[in-house]
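J.: Once you've had a glance at the structure underneath, I'll fire off some questions.
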Amino acid sequence: MSPEMQQVLAEKLLSMADDELVLAHRNSEWTGHAPILEEDIAFTNIALDEMGHARIWYGLHQELTGIDPDEAIYFREPRAYRNARLLELPRGDWAFSLVRQYFFDVFEMVRAERLLESAYRPLAEAAAKIRPEELYHYRHTHTWLQRLGLGTDESSRRTQSAVDALWPHVFQLFEPLPGEEVLVNAGFVPESIALETAWKKIIQEALAGAGLHMPAQPAASPGGRTEHTAHLADLLAEMQGVARANPGAEW
Amino acid sequence: MIAEEQVWQALEEVKDPEIPVVSVVEMGIVRAVAVEGKAVTVTMTPTFSGCPALDVMEREIERVVRALGAAPVTVETVLYPPWSTEWISETARQKLKQFGLAPPPRHEGHLPVTFYEPVPCPRCDSKNTVVRNTFGSTLCRAIYFCNECVEPFEQFKAL
């Protein structure tokens, strides 16, 4: 692998890891606060799963760069994070968090299906591990999407509002990183457009099945993964506070 | 000189802290043992990738192998092939049941088939049960309710 390619691959892995970590953190905010006990448990479990997936991607990133995952997580500034902005937005009401998780689950599932064939073996192996776990998420969040969409006027209204609010941010998930075409040409990662098409097909059917409508395609979201909202800084301040106050502490 | 068999035997002592009745060997978590003189390498694989018990199991594996006089001891983690509940031994399935956890349904690699199968209650074997939550007190458990016992129970989720 050329050094240039290795650099793009490391950046790709970091963006994948950061997506999972930031979403896991937002979901963990429901622990003790979800509307019903079963969902409190489910969202906490899903957060833990995504954290497990983050751990896998940070591990692969470490193999290429030598950067320790704890170092990457606790001691990077917000602007060095590479997560999509969709995932750092505050958790909102439960419909907002649920729809976001559902959108991400479908994204991760269609990506994992394609990564199974990755020419970069560690990615293919990780995808084989992650995919069955995502099936549980997908099944859960899809069921809830239907239940909320077809439930009461209020649940349907809130769910549609969540879809509308998330929609302008969601397509950043599919935007290729600068230079990513070398990874696509090498068969390491799937083409973004293929992921986006597969994702939209599933989402369109699911929204229709839940009595919800799909908003119009937004204009491409400005700025790459180096641009963040102020919400990420708040999230990281909480996540990194203890580690920074006591570097090297174990607990 | 350490025999490979001794290492496997020692590993039988290491339990998954979330399911303290079955060993990491019975669970299919230990994939391989390699011995070269006094050097031992144990290869393990995570069950669910977010399982918080992984680090504990890794440390325990290292501890029991070191206690045999092995040095150096290396514990390697591999993701592939991904761990499956199909690897849980028959005796371990019985132990799970006695522990009150319904054993994972068999799926032979086709996980979604398990989603709609009735799950027998580990206490009374009735199939008159209903899923309450596909997520439970740990990543590997789902919550069911037995209509005969009128009691909840947990199932080890198929993976």
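Note on naming: chains are A, B, ... as they come in the structure tokens, residues start from 1 per chain, ligands start from 1 in the order shown.
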Find the residues near A:Ala206: any atom within 12 Å, counting only C-alpha atoms, skip ones fewer than 2 places away on the same chain, and give them as number ranges by chain.
T.: A: 99, 102-103, 106, 138-139, 141-147, 149-150, 163, 199-204, 208-214
J.: Would you mind listing what lies within 12 Å of A:Glu71 as a count of residues only, with only C-alpha atoms counted and same-chain residues fewer than 5 positions away left out?
T.: 11
J.: Compare B:Phe135, B:Asn147, B:His110, B:Phe115 by their minimum atom-to-atom distance to chain A, counting only C-alpha atoms, and give me the closest one.
T.: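 Once distances to chain A are computed over only C-alpha atoms, the minimum belongs to B:Phe135.
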J.: Compile the residues of chain B that lie within 10 Å of chain A, evaluated using only C-alpha atoms, and express the compilation as a CSV table (one decimal) with N, CA and C atoms, in the first residue's frame.
T.:
```csv
chain,number,residue,atom,x,y,z
B,46,PRO,N,-14.2,-12.1,20.5
B,46,PRO,CA,-15.3,-11.5,21.2
B,46,PRO,C,-16.7,-12.1,20.9
B,47,THR,N,-17.6,-12.1,21.8
B,47,THR,CA,-18.9,-12.6,21.5
B,47,THR,C,-19.6,-11.4,20.8
B,48,PHE,N,-20.2,-10.5,21.6
B,48,PHE,CA,-20.7,-9.3,21.0
B,48,PHE,C,-19.6,-8.3,21.0
B,49,SER,N,-19.4,-7.5,20.0
B,49,SER,CA,-18.2,-6.7,19.9
B,49,SER,C,-18.2,-5.6,21.0
B,50,GLY,N,-19.3,-5.2,21.6
B,50,GLY,CA,-19.4,-4.2,22.6
B,50,GLY,C,-19.4,-4.8,24.0
B,51,CYS,N,-19.2,-6.2,24.1
B,51,CYS,CA,-19.3,-6.8,25.4
B,51,CYS,C,-18.3,-6.3,26.4
B,52,PRO,N,-18.8,-5.7,27.5
B,52,PRO,CA,-17.9,-5.1,28.5
B,52,PRO,C,-17.1,-6.1,29.3
B,78,VAL,N,-9.0,-12.1,17.8
B,78,VAL,CA,-9.3,-12.1,16.4
B,78,VAL,C,-10.8,-11.9,16.2
B,79,LEU,N,-11.2,-11.2,15.1
B,79,LEU,CA,-12.6,-11.0,14.8
B,79,LEU,C,-13.2,-12.0,13.9
B,80,TYR,N,-12.3,-12.7,13.2
B,80,TYR,CA,-12.8,-13.6,12.1
B,80,TYR,C,-12.3,-15.0,12.3
B,81,PRO,N,-13.1,-16.0,12.1
B,81,PRO,CA,-14.5,-15.9,11.7
B,81,PRO,C,-15.3,-15.3,12.9
B,82,PRO,N,-16.4,-14.6,12.6
B,82,PRO,CA,-17.1,-14.0,13.8
B,82,PRO,C,-17.7,-15.0,14.7
B,83,TRP,N,-17.7,-14.8,16.0
B,83,TRP,CA,-18.2,-15.7,16.9
B,83,TRP,C,-19.7,-15.9,16.7
B,84,SER,N,-20.1,-17.1,16.9
B,84,SER,CA,-21.5,-17.5,16.7
B,84,SER,C,-22.0,-18.3,17.8
B,110,HIS,N,-28.0,-18.8,9.5
B,110,HIS,CA,-29.1,-17.9,9.0
B,110,HIS,C,-29.8,-17.2,10.2
B,111,LEU,N,-29.2,-16.2,10.7
B,111,LEU,CA,-29.6,-15.6,11.9
B,111,LEU,C,-31.1,-15.2,11.9
B,112,PRO,N,-31.6,-14.5,10.8
B,112,PRO,CA,-33.0,-14.0,10.9
B,112,PRO,C,-34.0,-15.1,11.1
B,115,PHE,N,-35.6,-15.1,14.6
B,115,PHE,CA,-36.4,-14.0,15.1
B,115,PHE,C,-37.9,-14.4,15.3
B,132,ARG,N,-40.6,-9.7,25.2
B,132,ARG,CA,-40.9,-8.4,25.8
B,132,ARG,C,-39.9,-7.3,25.4
B,133,ASN,N,-38.7,-7.8,25.1
B,133,ASN,CA,-37.7,-6.8,24.7
B,133,ASN,C,-36.5,-7.6,24.0
B,134,THR,N,-36.1,-7.2,22.8
B,134,THR,CA,-35.0,-7.9,22.2
B,134,THR,C,-33.7,-7.5,22.7
B,135,PHE,N,-33.7,-6.5,23.7
B,135,PHE,CA,-32.5,-6.1,24.4
B,135,PHE,C,-32.8,-6.3,25.9
B,136,GLY,N,-31.7,-6.8,26.5
B,136,GLY,CA,-31.9,-7.2,27.9
B,136,GLY,C,-30.8,-6.6,28.8
B,137,SER,N,-30.6,-7.3,30.0
B,137,SER,CA,-29.7,-6.8,31.0
B,137,SER,C,-28.2,-6.8,30.5
B,138,THR,N,-27.9,-7.6,29.5
B,138,THR,CA,-26.6,-7.6,28.9
B,138,THR,C,-26.8,-7.6,27.4
B,139,LEU,N,-25.7,-7.3,26.6
B,139,LEU,CA,-25.8,-7.3,25.2
B,139,LEU,C,-26.3,-8.7,24.6
B,140,CYS,N,-26.0,-9.8,25.3
B,140,CYS,CA,-26.3,-11.1,24.8
B,140,CYS,C,-27.7,-11.6,25.2
B,142,ALA,N,-32.0,-11.3,25.7
B,142,ALA,CA,-33.3,-10.7,25.4
B,142,ALA,C,-34.3,-11.1,26.5
B,143,ILE,N,-35.4,-10.3,26.7
B,143,ILE,CA,-36.3,-10.5,27.8
B,143,ILE,C,-37.6,-11.1,27.2
B,157,LYS,N,-29.3,-14.5,23.3
B,157,LYS,CA,-29.7,-14.1,21.9
B,157,LYS,C,-28.8,-14.9,20.9
B,158,ALA,N,-29.4,-15.3,19.8
B,158,ALA,CA,-28.7,-16.0,18.8
B,158,ALA,C,-27.8,-15.0,18.1
B,159,LEU,N,-26.6,-15.4,17.7
B,159,LEU,CA,-25.7,-14.5,16.9
B,159,LEU,C,-25.0,-15.4,15.9
```
J.: Check the DSSP output for the backbone and give back, as a PyMOL selection string, the residues of chain B in alpha helix (DSSP H).
T.: chain B and resi 4-11+54-66+90-99
